[in-house]
Amino acid sequence: MTTTHGSAKWQGGIKDGKGAISTKSGALSDYPYGFASRFEGKPGSNPEELIGAAHAACFTMALSLILGEAKLTAEHMETKADVTLEKVADGFAITAVHLTLLAKIPGADNATLQELAGKAKAGCPVSKLLNTRITLEASLQG
């Protein structure tokens with residue numbers, strides 16, 4: 001079992017305030033985030049892109065494990081996680097995550113990829129954490 005952490009600081013109101021995100025590893029150190037970066041496309045980070053990065057990383061690692069169990073090894077995998085934040089009746093909610101995988105896996109056909117990627121989508125710890133609709137589009141590179 002492992003435990004790690006991320007942290008956030010905030011000062012000011014919701015629209016004029018400023019925040020900073022940090023991670024234990026130092027990958028992010030007081031990286032700016034705020035209303036403008038979350039809702040207006042301005043520079044800075046936001047929780048949804050961090051969830052997307054975490055989900056893409058977790059899914060891809062889980063698929064690597066599942067491929068190994070099937071005696072396959074990916075030459076290359078790239079996953080993008082599109083995280084949708086929408087206004088709902090009681091505020092805002094992450095309503096969907098769409099994973100897009102492009103992989104080069106010697107010896108794998110499309111049916112095998114779909115089966116194993118589906119298992120990774122369902123089984124990765126971040127997928128299990130998220131209470132939202134998760135979809136997957138997986139394709140093989142030539």
# chains A, B, ... in the order shown; residues from 1 in each chain; ligands from 1
call {"tool": "residues_around", "arguments": {"residues": "Leu63 in chain A", "least_positions_apart": "6", "cutoff": "7 Å", "atoms": "only C-alpha atoms", "output": "PyMOL selection string"}}
result
chain A and resi 116-117+120
call {"tool": "write_last_selection", "arguments": {"atoms": "N, CA and C atoms", "output": "short mmCIF file (atom, residue, chain, number, x, y, z; two decimals), in the first residue's frame"}}
result
data_model
loop_
_atom_site.label_atom_id
_atom_site.label_comp_id
_atom_site.auth_asym_id
_atom_site.auth_seq_id
_atom_site.Cartn_x
_atom_site.Cartn_y
_atom_site.Cartn_z
N LEU A 116 -8.53 -6.17 -23.83
CA LEU A 116 -7.59 -5.86 -22.76
C LEU A 116 -7.69 -4.40 -22.31
N ALA A 117 -7.91 -3.49 -23.25
CA ALA A 117 -8.07 -2.08 -22.89
C ALA A 117 -9.35 -1.88 -22.07
N ALA A 120 -8.57 -2.79 -18.59
CA ALA A 120 -7.77 -1.74 -17.95
C ALA A 120 -8.65 -0.55 -17.57
#
call {"tool": "residues_around", "arguments": {"residues": "Leu136 in chain A", "least_positions_apart": "2", "cutoff": "7 Å", "atoms": "only C-alpha atoms", "output": "ChimeraX atom specification"}}
result
/A:98-100,134,138
call {"tool": "write_last_selection", "arguments": {"atoms": "N, CA and C atoms", "output": "short mmCIF file (atom, residue, chain, number, x, y, z; two decimals), in the first residue's frame"}}
result
data_model
loop_
_atom_site.label_atom_id
_atom_site.label_comp_id
_atom_site.auth_asym_id
_atom_site.auth_seq_id
_atom_site.Cartn_x
_atom_site.Cartn_y
_atom_site.Cartn_z
N HIS A 98 -13.48 10.62 -21.41
CA HIS A 98 -13.30 9.83 -22.62
C HIS A 98 -11.81 9.56 -22.80
N LEU A 99 -11.45 8.29 -22.74
CA LEU A 99 -10.06 7.87 -22.94
C LEU A 99 -9.85 7.55 -24.42
N THR A 100 -8.78 8.09 -24.98
CA THR A 100 -8.40 7.78 -26.35
C THR A 100 -6.99 7.21 -26.31
N ILE A 134 -17.41 6.67 -18.19
CA ILE A 134 -16.07 6.58 -18.78
C ILE A 134 -16.19 5.81 -20.08
N ALA A 138 -9.98 2.88 -28.50
CA ALA A 138 -8.62 2.32 -28.57
C ALA A 138 -8.31 1.90 -30.01
#
call {"tool": "atom_distance", "arguments": {"atom1": "CA of Glu48 in chain A", "atom2": "CA of Met77 in chain A"}}
result
21.8 Å
call {"tool": "residues_around", "arguments": {"residues": "range 1-9 of chain A", "least_positions_apart": "4", "cutoff": "10 Å", "atoms": "only C-alpha atoms", "output": "JSON, numbers by chain"}}
result
{"A": [18, 19, 20, 21, 22, 23, 24, 25, 26, 28, 29, 30, 31, 32, 33]}
call {"tool": "write_last_selection", "arguments": {"atoms": "N, CA and C atoms", "output": "mmCIF file, in the first residue's frame"}}
result
data_model
loop_
_atom_site.group_PDB
_atom_site.id
_atom_site.type_symbol
_atom_site.label_atom_id
_atom_site.label_comp_id
_atom_site.auth_asym_id
_atom_site.auth_seq_id
_atom_site.Cartn_x
_atom_site.Cartn_y
_atom_site.Cartn_z
ATOM 1 N N LYS A 18 -6.575 33.608 -6.480
ATOM 2 C CA LYS A 18 -5.493 32.878 -7.135
ATOM 3 C C LYS A 18 -5.138 31.670 -6.272
ATOM 4 N N GLY A 19 -4.794 30.589 -6.968
ATOM 5 C CA GLY A 19 -4.411 29.381 -6.275
ATOM 6 C C GLY A 19 -3.091 28.855 -6.800
ATOM 7 N N ALA A 20 -2.538 27.900 -6.058
ATOM 8 C CA ALA A 20 -1.298 27.241 -6.458
ATOM 9 C C ALA A 20 -1.397 25.769 -6.069
ATOM 10 N N ILE A 21 -1.008 24.910 -6.994
ATOM 11 C CA ILE A 21 -1.071 23.463 -6.810
ATOM 12 C C ILE A 21 0.353 22.922 -6.695
ATOM 13 N N SER A 22 0.555 21.995 -5.761
ATOM 14 C CA SER A 22 1.859 21.346 -5.606
ATOM 15 C C SER A 22 1.671 19.842 -5.454
ATOM 16 N N THR A 23 2.705 19.093 -5.821
ATOM 17 C CA THR A 23 2.698 17.638 -5.634
ATOM 18 C C THR A 23 3.901 17.233 -4.800
ATOM 19 N N LYS A 24 3.769 16.111 -4.123
ATOM 20 C CA LYS A 24 4.847 15.602 -3.281
ATOM 21 C C LYS A 24 6.138 15.438 -4.072
ATOM 22 N N SER A 25 6.030 14.955 -5.311
ATOM 23 C CA SER A 25 7.214 14.693 -6.128
ATOM 24 C C SER A 25 7.928 15.959 -6.576
ATOM 25 N N GLY A 26 7.210 17.077 -6.559
ATOM 26 C CA GLY A 26 7.768 18.314 -7.076
ATOM 27 C C GLY A 26 7.467 18.516 -8.551
ATOM 28 N N LEU A 28 4.802 19.392 -9.785
ATOM 29 C CA LEU A 28 4.156 20.705 -9.721
ATOM 30 C C LEU A 28 4.570 21.345 -8.404
ATOM 31 N N SER A 29 5.024 22.558 -8.484
ATOM 32 C CA SER A 29 5.424 23.283 -7.277
ATOM 33 C C SER A 29 4.839 24.684 -7.353
ATOM 34 N N ASP A 30 3.797 24.906 -6.566
ATOM 35 C CA ASP A 30 3.088 26.192 -6.578
ATOM 36 C C ASP A 30 2.679 26.595 -7.992
ATOM 37 N N TYR A 31 2.191 25.619 -8.772
ATOM 38 C CA TYR A 31 1.749 25.894 -10.135
ATOM 39 C C TYR A 31 0.398 26.605 -10.069
ATOM 40 N N PRO A 32 0.236 27.720 -10.801
ATOM 41 C CA PRO A 32 -0.973 28.525 -10.672
ATOM 42 C C PRO A 32 -2.229 27.852 -11.232
ATOM 43 N N TYR A 33 -3.327 28.102 -10.538
ATOM 44 C CA TYR A 33 -4.648 27.729 -11.040
ATOM 45 C C TYR A 33 -5.649 28.742 -10.508
#
call {"tool": "closest_residue", "arguments": {"among": "A:Gly118, A:Pro125, A:Gly34, A:Gly17", "to": "Leu101 in chain A", "atoms": "only C-alpha atoms"}}
result
A:Gly118
call {"tool": "select_by_dssp", "arguments": {"residues": "range 68-126 of chain A", "states": "strand (DSSP E)", "output": "list in words"}}
result
His76, Met77, Glu78, Thr79, Lys80, Ala81, Asp82, Val83, Thr84, Leu85, Glu86, Lys87, Val88, Gly91, Phe92, Ala93, Ile94, Thr95, Ala96, Val97, His98, Leu99, Thr100, Leu101, Leu102, Ala103 and Lys104 of chain A
call {"tool": "residues_around", "arguments": {"residues": "His76 in chain A", "least_positions_apart": "4", "cutoff": "9 Å", "atoms": "only C-alpha atoms", "output": "ChimeraX atom specification"}}
result
/A:102-105
call {"tool": "closest_residue", "arguments": {"among": "A:Ile94, A:Ala122, A:Leu67, A:Ala54", "to": "Ala81 in chain A", "atoms": "only C-alpha atoms"}}
result
A:Ala54
